[in-house]
>>> print(open('work-v2.cif').read())   # mmCIF, C-alpha atoms
data_final
#
loop_
_atom_site.label_atom_id
_atom_site.label_comp_id
_atom_site.auth_asym_id
_atom_site.auth_seq_id
_atom_site.Cartn_x
_atom_site.Cartn_y
_atom_site.Cartn_z
CA MET A 6 0.00 0.00 0.00
CA GLU A 7 2.80 2.34 0.89
CA GLU A 8 4.51 1.54 -2.40
CA GLN A 9 1.38 2.51 -4.31
CA PHE A 10 1.17 5.80 -2.40
CA GLN A 11 4.82 6.45 -3.13
CA LEU A 12 4.32 5.86 -6.85
CA LEU A 13 1.28 8.09 -6.86
CA PHE A 14 3.20 10.78 -5.02
CA ASP A 15 6.09 10.58 -7.48
CA LYS A 16 3.72 10.89 -10.44
CA MET A 17 2.01 13.89 -8.88
CA LYS A 18 5.40 15.46 -8.22
CA LEU A 19 6.49 14.98 -11.83
CA GLU A 20 3.18 16.33 -13.10
CA MET A 21 3.47 19.39 -10.89
CA GLU A 22 7.05 20.03 -12.05
CA LYS A 23 5.95 19.71 -15.67
CA GLN A 24 3.07 22.12 -15.12
CA THR A 25 5.39 24.51 -13.32
CA ASN A 26 7.90 24.44 -16.23
CA ASP A 27 5.12 24.90 -18.77
CA LEU A 28 3.77 27.81 -16.75
CA LYS A 29 7.24 29.38 -16.54
CA GLU A 30 7.78 29.01 -20.28
CA SER A 31 4.36 30.43 -21.01
CA ILE A 32 4.88 33.40 -18.71
CA THR A 33 8.39 33.99 -20.09
CA LYS A 34 7.12 33.82 -23.67
CA ASN A 35 4.31 36.26 -22.92
CA ILE A 36 6.72 38.67 -21.25
CA MET A 37 9.21 38.45 -24.14
CA ASP A 38 6.45 38.96 -26.68
CA ARG A 39 5.29 42.06 -24.88
CA ILE A 40 8.88 43.34 -24.63
CA ASP A 41 9.35 42.73 -28.36
CA GLU A 42 6.15 44.60 -29.07
CA LYS A 43 7.51 47.57 -27.15
CA LEU A 44 11.10 47.30 -28.39
CA ASN A 45 10.55 46.64 -32.10
CA PRO A 46 9.20 50.13 -32.87
CA MET A 47 11.99 51.64 -30.78
CA MET A 48 14.63 49.57 -32.60
CA GLU A 49 13.19 50.53 -35.97
CA GLU A 50 13.16 54.17 -34.95
CA ASN A 51 16.73 53.86 -33.72
CA LYS A 52 17.76 52.35 -37.07
CA ILE A 53 16.14 55.26 -38.93
CA LEU A 54 17.87 57.77 -36.65
CA LYS A 55 21.26 56.10 -37.25
CA GLN A 56 20.74 56.33 -41.01
CA LYS A 57 19.79 59.99 -40.72
CA ILE A 58 22.88 60.71 -38.62
CA CYS A 59 25.03 58.92 -41.21
CA ASP A 60 23.44 60.93 -44.03
CA LEU A 61 23.95 64.18 -42.11
CA GLY A 62 27.59 63.26 -41.53
CA ASN A 63 28.07 62.68 -45.25
CA GLU A 64 26.40 65.97 -46.07
CA ILE A 65 28.59 67.83 -43.58
CA GLU A 66 31.70 66.17 -45.05
CA TYR A 67 30.57 67.15 -48.55
CA LEU A 68 29.95 70.76 -47.49
CA LYS A 69 33.39 70.91 -45.85
CA LYS A 70 34.99 69.54 -49.00
CA GLU A 71 33.11 72.01 -51.21
CA LYS A 72 34.02 74.90 -48.94
CA LYS A 73 37.72 74.05 -49.27
CA SER A 74 37.63 72.89 -52.91
CA ASN A 75 38.87 76.25 -54.26
CA ASN A 76 41.53 76.73 -51.57
CA ILE A 77 45.27 76.15 -51.61
CA ILE A 78 47.75 76.32 -48.75
CA ILE A 79 51.08 78.06 -49.48
CA TYR A 80 54.13 77.03 -47.42
CA GLY A 81 57.55 78.67 -47.20
CA LEU A 82 56.45 82.20 -48.11
CA GLU A 83 58.48 84.80 -46.23
CA GLU A 84 56.33 86.70 -43.76
CA SER A 85 57.37 90.27 -44.51
CA GLU A 86 54.12 91.80 -45.80
CA LYS A 87 52.40 94.61 -43.96
CA SER A 88 48.97 94.15 -45.50
CA ILE A 89 46.84 91.68 -47.43
CA SER A 90 47.44 93.74 -50.56
CA GLU A 91 51.21 93.32 -50.26
CA LEU A 92 50.76 89.59 -49.60
CA PHE A 93 48.64 89.25 -52.73
CA GLN A 94 51.20 91.10 -54.87
CA THR A 95 53.96 88.77 -53.61
CA VAL A 96 51.94 85.64 -54.41
CA LYS A 97 50.90 87.08 -57.79
CA GLU A 98 54.52 87.75 -58.77
CA ILE A 99 55.59 84.22 -57.80
CA PHE A 100 52.81 82.60 -59.86
CA LYS A 101 53.67 84.80 -62.84
CA ARG A 102 57.42 84.13 -62.61
CA ASP A 103 57.38 80.38 -61.91
CA LEU A 104 54.12 79.21 -63.50
CA ASN A 105 53.53 81.92 -66.13
CA LEU A 106 50.00 82.31 -64.75
CA CYS A 107 48.46 85.68 -64.09
CA VAL A 108 46.18 85.88 -61.04
CA GLU A 109 43.92 88.91 -60.83
CA GLU A 110 42.58 90.39 -57.61
CA SER A 111 39.02 89.67 -58.81
CA GLU A 112 39.88 85.94 -58.76
CA MET A 113 40.77 86.05 -55.06
CA ASN A 114 38.09 85.25 -52.53
CA ARG A 115 40.16 85.17 -49.33
CA LEU A 116 43.85 85.46 -48.47
CA TYR A 117 45.35 85.32 -44.99
CA ARG A 118 47.99 83.70 -42.78
CA LEU A 119 47.00 80.65 -40.76
CA GLY A 120 47.54 80.53 -37.01
CA LYS A 121 49.08 82.99 -34.60
CA LYS A 122 52.47 84.54 -35.22
CA ASN A 123 55.26 83.00 -33.14
CA LYS A 124 57.78 85.75 -32.41
CA VAL A 125 60.14 83.40 -30.59
CA GLU A 126 60.69 80.79 -33.31
CA ASN A 127 60.15 83.32 -36.14
CA LYS A 128 58.63 80.70 -38.45
CA HIS A 129 56.73 81.69 -41.57
CA ARG A 130 53.06 80.86 -41.18
CA PRO A 131 51.33 79.13 -44.10
CA VAL A 132 49.02 81.19 -46.30
CA LEU A 133 45.48 80.25 -47.28
CA PHE A 134 44.55 81.41 -50.77
CA SER A 135 40.88 80.96 -51.68
CA PHE A 136 39.88 81.43 -55.34
CA THR A 137 36.52 82.53 -56.65
CA ASN A 138 36.59 79.73 -59.24
CA GLY A 139 38.14 76.29 -59.39
CA TRP A 140 39.64 76.69 -62.87
CA LYS A 141 42.52 78.93 -61.84
CA LYS A 142 43.17 76.86 -58.73
CA ASP A 143 43.38 73.67 -60.84
CA GLN A 144 45.84 75.33 -63.24
CA ILE A 145 48.12 76.25 -60.36
CA MET A 146 47.94 72.77 -58.82
CA LYS A 147 48.80 71.11 -62.15
CA ASN A 148 51.97 73.20 -62.48
CA LYS A 149 52.99 73.36 -58.82
CA ARG A 150 56.21 71.39 -59.49
CA ASN A 151 57.62 74.44 -61.25
CA LEU A 152 57.46 76.53 -58.06
CA LYS A 153 60.96 77.28 -56.79
CA GLU A 154 60.70 79.09 -53.46
CA ILE A 155 57.34 77.91 -52.09
CA TYR A 156 55.30 74.71 -51.82
CA ILE A 157 51.52 74.47 -52.19
CA SER A 158 48.97 71.80 -51.30
CA GLU A 159 45.22 71.26 -51.17
CA ASP A 160 43.24 72.56 -48.21
CA TYR A 161 41.99 69.54 -46.22
CA SER A 162 40.07 69.26 -42.97
CA LYS A 163 41.78 67.96 -39.85
CA GLU A 164 40.08 64.55 -40.16
CA VAL A 165 41.19 64.15 -43.78
CA MET A 166 44.74 65.18 -42.91
CA GLU A 167 44.89 62.50 -40.23
CA LYS A 168 43.62 59.85 -42.67
CA ARG A 169 46.17 60.89 -45.31
CA LYS A 170 48.95 60.78 -42.74
CA ALA A 171 47.90 57.26 -41.71
CA LEU A 172 47.97 56.15 -45.38
CA LEU A 173 51.51 57.42 -46.04
CA PRO A 174 53.33 54.19 -45.03
CA GLN A 175 51.09 52.14 -47.31
CA LEU A 176 51.64 54.65 -50.13
CA LEU A 177 55.43 54.35 -49.81
CA GLU A 178 55.16 50.56 -49.71
CA GLU A 179 53.17 50.47 -52.97
CA LYS A 180 55.68 52.77 -54.66
CA GLU A 181 58.55 50.53 -53.51
CA LYS A 182 56.78 47.64 -55.24
CA GLY A 183 56.86 49.63 -58.49
CA ASN A 184 53.15 50.44 -58.54
CA THR A 185 51.59 53.74 -59.53
CA ALA A 186 50.06 54.96 -56.27
CA TYR A 187 48.81 58.30 -54.98
CA LEU A 188 46.50 59.79 -52.38
CA LYS A 189 43.17 61.12 -53.59
CA TYR A 190 41.45 63.10 -50.86
CA ASN A 191 41.26 60.56 -47.99
CA LYS A 192 41.81 57.36 -50.00
CA LEU A 193 44.80 55.50 -51.45
CA VAL A 194 44.62 54.80 -55.20
CA VAL A 195 46.84 52.02 -56.64
CA LYS A 196 47.05 51.48 -60.41
CA GLY A 197 49.38 48.57 -61.15
CA PRO A 198 53.07 48.75 -62.15
CA ASN A 199 54.64 52.12 -62.94
CA PRO A 200 55.89 52.03 -66.57
CA ASP A 201 58.42 54.83 -65.99
CA LYS A 202 60.05 52.93 -63.14
CA ASN A 203 60.26 49.72 -65.20
CA CYS A 204 61.78 51.69 -68.05
CA ASP A 205 64.45 53.15 -65.75
CA LYS A 206 65.18 49.70 -64.39
CA ARG A 207 65.61 48.33 -67.91
CA LYS A 208 67.96 51.18 -68.81
CA ARG A 209 70.07 50.44 -65.73
CA GLU A 210 70.24 46.76 -66.68
CA LEU A 211 71.31 47.60 -70.21
CA SER A 212 73.99 50.01 -68.99
CA THR A 213 75.44 47.38 -66.62
CA SER A 214 75.34 44.51 -69.15
CA PRO A 215 78.76 43.26 -70.43
CA GLN A 216 79.87 44.87 -73.64
CA SER A 217 80.25 42.85 -76.77
CA THR A 218 83.66 41.32 -77.50
CA SER A 219 86.19 43.13 -79.63
CA THR A 220 85.78 40.58 -82.44
CA THR A 221 82.18 41.74 -83.01
CA LYS A 222 82.19 44.82 -85.23
CA PRO A 223 79.40 47.28 -85.85
CA LYS A 224 77.37 46.74 -88.98
CA LYS A 225 78.76 49.88 -90.62
CA GLN A 226 82.36 48.78 -90.04
CA GLN A 227 81.56 45.32 -91.37
CA THR A 228 80.11 46.85 -94.56
CA ILE A 229 83.21 49.05 -95.07
CA SER A 230 85.51 46.05 -94.48
CA SER A 231 83.60 43.95 -97.00
CA ILE A 232 83.83 46.75 -99.60
CA LYS A 233 87.59 46.99 -99.08
CA THR A 234 87.94 43.24 -99.37
CA ASN A 235 85.93 43.19 -102.59
CA ARG A 236 88.08 45.99 -104.01
CA THR A 237 91.26 44.07 -103.19
CA ASN A 238 89.91 40.90 -104.80
CA ALA A 239 88.95 42.87 -107.92
CA PHE A 240 92.46 44.37 -108.26
CA ASP A 241 94.06 40.95 -107.78
CA LEU A 242 91.81 39.50 -110.48
CA MET A 243 92.68 42.30 -112.94
CA ARG A 244 96.37 41.88 -112.17
CA THR A 245 96.16 38.14 -112.81
CA ARG A 246 94.35 38.67 -116.11
CA SER A 247 96.97 41.26 -117.20
CA ASN A 248 99.84 38.89 -116.46
CA SER A 249 98.22 36.06 -118.39
CA LEU A 250 97.67 38.38 -121.41
CA LYS A 251 101.35 39.42 -121.39
CA ASP A 252 102.43 35.78 -121.30
CA THR A 253 100.21 35.00 -124.32
CA LEU A 254 101.62 37.89 -126.43
CA THR A 255 105.21 36.94 -125.58
CA HIS A 256 104.58 33.37 -126.60
CA LYS A 257 103.15 34.44 -130.00
CA LYS A 258 106.18 36.67 -130.73
CA GLN A 259 108.51 33.78 -130.10
#
>>> encode(input="work-v2.cif", output="structure tokens")
Amino acid sequence: MEEQFQLLFDKMKLEMEKQTNDLKESITKNIMDRIDEKLNPMMEENKILKQKICDLGNEIEYLKKEKKSNNIIIYGLEESEKSISELFQTVKEIFKRDLNLCVEESEMNRLYRLGKKNKVENKHRPVLFSFTNGWKKDQIMKNKRNLKEIYISEDYSKEVMEKRKALLPQLLEEKEKGNTAYLKYNKLVVKGPNPDKNCDKRKRELSTSPQSTSTTKPKKQQTISSIKTNRTNAFDLMRTRSNSLKDTLTHKKQ
């Protein structure tokens, strides 16, 4: 009898545990469903907000780029001017002398020194030159290698400058491999092997290759030698024929 009660008790215990687990799962599922109902709209809204923030960031970056698109930064220009007008005349004369490009005052939007003057170190501050149109700026950038006393570069934001600085080691590595590589805004552009570098390498190999032996003559010398040889053979033949003719006449006289 006790055994039967024990079995019944065990079955009731198992059934109660099963019901308890089912109840827990049901309650948990209901709670999670309700949480999902509340969270899903919030998550969707959060996703939309993230996309809007990303789009705004891209627009801000584009506006920054456009704002600086007509600017150049001039380095190494002696800081001796007393006014913006004098600074413009100095820059104008340099562009005319080195690049043969005439810059008019109407083409200038802004012109000023960057940063505060350091009287202790007496360093020349860079100059920002902003053009009213991109055409003249592009002409100057294309011919900037001809500048003798100053150096110019594009006007980039601080974030872009940091990205370009981080890409410099990779740029040098690609150039060491012989690839055509350059920085375009904040990205590294690689375009396969550099033909100029391969050409220089080939020239160096040709210059260091062993010269031909002295027995090998240039084609022109060989032609001249063959002509001389043919002339000698022709004279010998004429001399032989002349001697044989003399012998024949002497024999007839006898």
>>> closest_residue(input="work-v2.cif", among="A:Gly183, A:Pro46, A:Gly139, A:Gly81", to="Leu152 (chain A)", atoms="all atoms listed in the file")
A:Gly81
>>> closest_residue(input="work-v2.cif", among="A:Arg130, A:Lys97, A:Lys168, A:Lys16", to="Ile145 (chain A)", atoms="only C-alpha atoms")
A:Lys97
>>> atom_distance(input="work-v2.cif", atom1="CA of Asn151 (chain A)", atom2="CA of Leu104 (chain A)")
6.3 Å
>>> closest_residue(input="work-v2.cif", among="A:Ser162, A:Ser90, A:Asn184, A:Ser74", to="Trp140 (chain A)", atoms="all atoms listed in the file")
A:Ser74
>>> closest_residue(input="work-v2.cif", among="A:Glu154, A:Glu22, A:Lys72, A:Ile77", to="Arg102 (chain A)", atoms="all atoms listed in the file")
A:Glu154
>>> decode(input="work-v2.cif", residues="region 71-90 of chain A", atoms="N, CA, C and O atoms", output="PDB file, in the first residue's frame")
ATOM      1  N   GLU A  71      33.449  70.962 -50.249  1.00  0.00           N
ATOM      2  CA  GLU A  71      33.107  72.009 -51.207  1.00  0.00           C
ATOM      3  C   GLU A  71      33.629  73.372 -50.758  1.00  0.00           C
ATOM      4  O   GLU A  71      34.077  74.177 -51.573  1.00  0.00           O
ATOM      5  N   LYS A  72      33.561  73.616 -49.465  1.00  0.00           N
ATOM      6  CA  LYS A  72      34.025  74.897 -48.938  1.00  0.00           C
ATOM      7  C   LYS A  72      35.512  75.086 -49.162  1.00  0.00           C
ATOM      8  O   LYS A  72      35.991  76.203 -49.389  1.00  0.00           O
ATOM      9  N   LYS A  73      36.272  73.979 -49.114  1.00  0.00           N
ATOM     10  CA  LYS A  73      37.718  74.047 -49.269  1.00  0.00           C
ATOM     11  C   LYS A  73      38.186  73.688 -50.679  1.00  0.00           C
ATOM     12  O   LYS A  73      39.383  73.661 -50.947  1.00  0.00           O
ATOM     13  N   SER A  74      37.241  73.390 -51.578  1.00  0.00           N
ATOM     14  CA  SER A  74      37.629  72.895 -52.908  1.00  0.00           C
ATOM     15  C   SER A  74      38.409  73.912 -53.728  1.00  0.00           C
ATOM     16  O   SER A  74      39.205  73.535 -54.586  1.00  0.00           O
ATOM     17  N   ASN A  75      38.175  75.206 -53.501  1.00  0.00           N
ATOM     18  CA  ASN A  75      38.869  76.253 -54.263  1.00  0.00           C
ATOM     19  C   ASN A  75      40.026  76.871 -53.490  1.00  0.00           C
ATOM     20  O   ASN A  75      40.521  77.937 -53.862  1.00  0.00           O
ATOM     21  N   ASN A  76      40.460  76.199 -52.420  1.00  0.00           N
ATOM     22  CA  ASN A  76      41.529  76.732 -51.574  1.00  0.00           C
ATOM     23  C   ASN A  76      42.849  76.019 -51.828  1.00  0.00           C
ATOM     24  O   ASN A  76      42.882  74.840 -52.172  1.00  0.00           O
ATOM     25  N   ILE A  77      43.931  76.745 -51.656  1.00  0.00           N
ATOM     26  CA  ILE A  77      45.266  76.155 -51.614  1.00  0.00           C
ATOM     27  C   ILE A  77      45.985  76.693 -50.384  1.00  0.00           C
ATOM     28  O   ILE A  77      45.686  77.785 -49.902  1.00  0.00           O
ATOM     29  N   ILE A  78      46.927  75.894 -49.877  1.00  0.00           N
ATOM     30  CA  ILE A  78      47.752  76.317 -48.749  1.00  0.00           C
ATOM     31  C   ILE A  78      49.166  76.524 -49.267  1.00  0.00           C
ATOM     32  O   ILE A  78      49.746  75.638 -49.910  1.00  0.00           O
ATOM     33  N   ILE A  79      49.734  77.700 -49.004  1.00  0.00           N
ATOM     34  CA  ILE A  79      51.076  78.056 -49.476  1.00  0.00           C
ATOM     35  C   ILE A  79      52.040  77.980 -48.293  1.00  0.00           C
ATOM     36  O   ILE A  79      51.831  78.626 -47.265  1.00  0.00           O
ATOM     37  N   TYR A  80      53.120  77.193 -48.468  1.00  0.00           N
ATOM     38  CA  TYR A  80      54.128  77.034 -47.424  1.00  0.00           C
ATOM     39  C   TYR A  80      55.458  77.665 -47.881  1.00  0.00           C
ATOM     40  O   TYR A  80      55.776  77.664 -49.069  1.00  0.00           O
ATOM     41  N   GLY A  81      56.203  78.149 -46.905  1.00  0.00           N
ATOM     42  CA  GLY A  81      57.546  78.666 -47.195  1.00  0.00           C
ATOM     43  C   GLY A  81      57.583  80.091 -47.704  1.00  0.00           C
ATOM     44  O   GLY A  81      58.640  80.547 -48.149  1.00  0.00           O
ATOM     45  N   LEU A  82      56.478  80.814 -47.643  1.00  0.00           N
ATOM     46  CA  LEU A  82      56.450  82.201 -48.111  1.00  0.00           C
ATOM     47  C   LEU A  82      56.890  83.125 -46.981  1.00  0.00           C
ATOM     48  O   LEU A  82      56.312  83.109 -45.892  1.00  0.00           O
ATOM     49  N   GLU A  83      57.916  83.916 -47.255  1.00  0.00           N
ATOM     50  CA  GLU A  83      58.477  84.800 -46.229  1.00  0.00           C
ATOM     51  C   GLU A  83      57.413  85.766 -45.709  1.00  0.00           C
ATOM     52  O   GLU A  83      56.675  86.366 -46.482  1.00  0.00           O
ATOM     53  N   GLU A  84      57.361  85.877 -44.403  1.00  0.00           N
ATOM     54  CA  GLU A  84      56.331  86.699 -43.759  1.00  0.00           C
ATOM     55  C   GLU A  84      56.872  88.107 -43.528  1.00  0.00           C
ATOM     56  O   GLU A  84      57.296  88.481 -42.430  1.00  0.00           O
ATOM     57  N   SER A  85      56.848  88.909 -44.589  1.00  0.00           N
ATOM     58  CA  SER A  85      57.370  90.274 -44.509  1.00  0.00           C
ATOM     59  C   SER A  85      56.338  91.320 -44.922  1.00  0.00           C
ATOM     60  O   SER A  85      56.618  92.520 -44.878  1.00  0.00           O
ATOM     61  N   GLU A  86      55.142  90.863 -45.334  1.00  0.00           N
ATOM     62  CA  GLU A  86      54.121  91.801 -45.802  1.00  0.00           C
ATOM     63  C   GLU A  86      53.535  92.586 -44.629  1.00  0.00           C
ATOM     64  O   GLU A  86      53.509  92.119 -43.487  1.00  0.00           O
ATOM     65  N   LYS A  87      53.043  93.764 -44.960  1.00  0.00           N
ATOM     66  CA  LYS A  87      52.404  94.609 -43.958  1.00  0.00           C
ATOM     67  C   LYS A  87      50.894  94.690 -44.135  1.00  0.00           C
ATOM     68  O   LYS A  87      50.200  95.254 -43.293  1.00  0.00           O
ATOM     69  N   SER A  88      50.399  94.123 -45.234  1.00  0.00           N
ATOM     70  CA  SER A  88      48.967  94.149 -45.496  1.00  0.00           C
ATOM     71  C   SER A  88      48.603  92.991 -46.416  1.00  0.00           C
ATOM     72  O   SER A  88      49.484  92.350 -47.019  1.00  0.00           O
ATOM     73  N   ILE A  89      47.315  92.740 -46.536  1.00  0.00           N
ATOM     74  CA  ILE A  89      46.836  91.684 -47.429  1.00  0.00           C
ATOM     75  C   ILE A  89      47.161  92.024 -48.877  1.00  0.00           C
ATOM     76  O   ILE A  89      47.470  91.150 -49.691  1.00  0.00           O
ATOM     77  N   SER A  90      47.128  93.310 -49.208  1.00  0.00           N
ATOM     78  CA  SER A  90      47.435  93.745 -50.565  1.00  0.00           C
ATOM     79  C   SER A  90      48.876  93.411 -50.934  1.00  0.00           C
ATOM     80  O   SER A  90      49.151  92.926 -52.042  1.00  0.00           O
TER      81      SER A  90
END
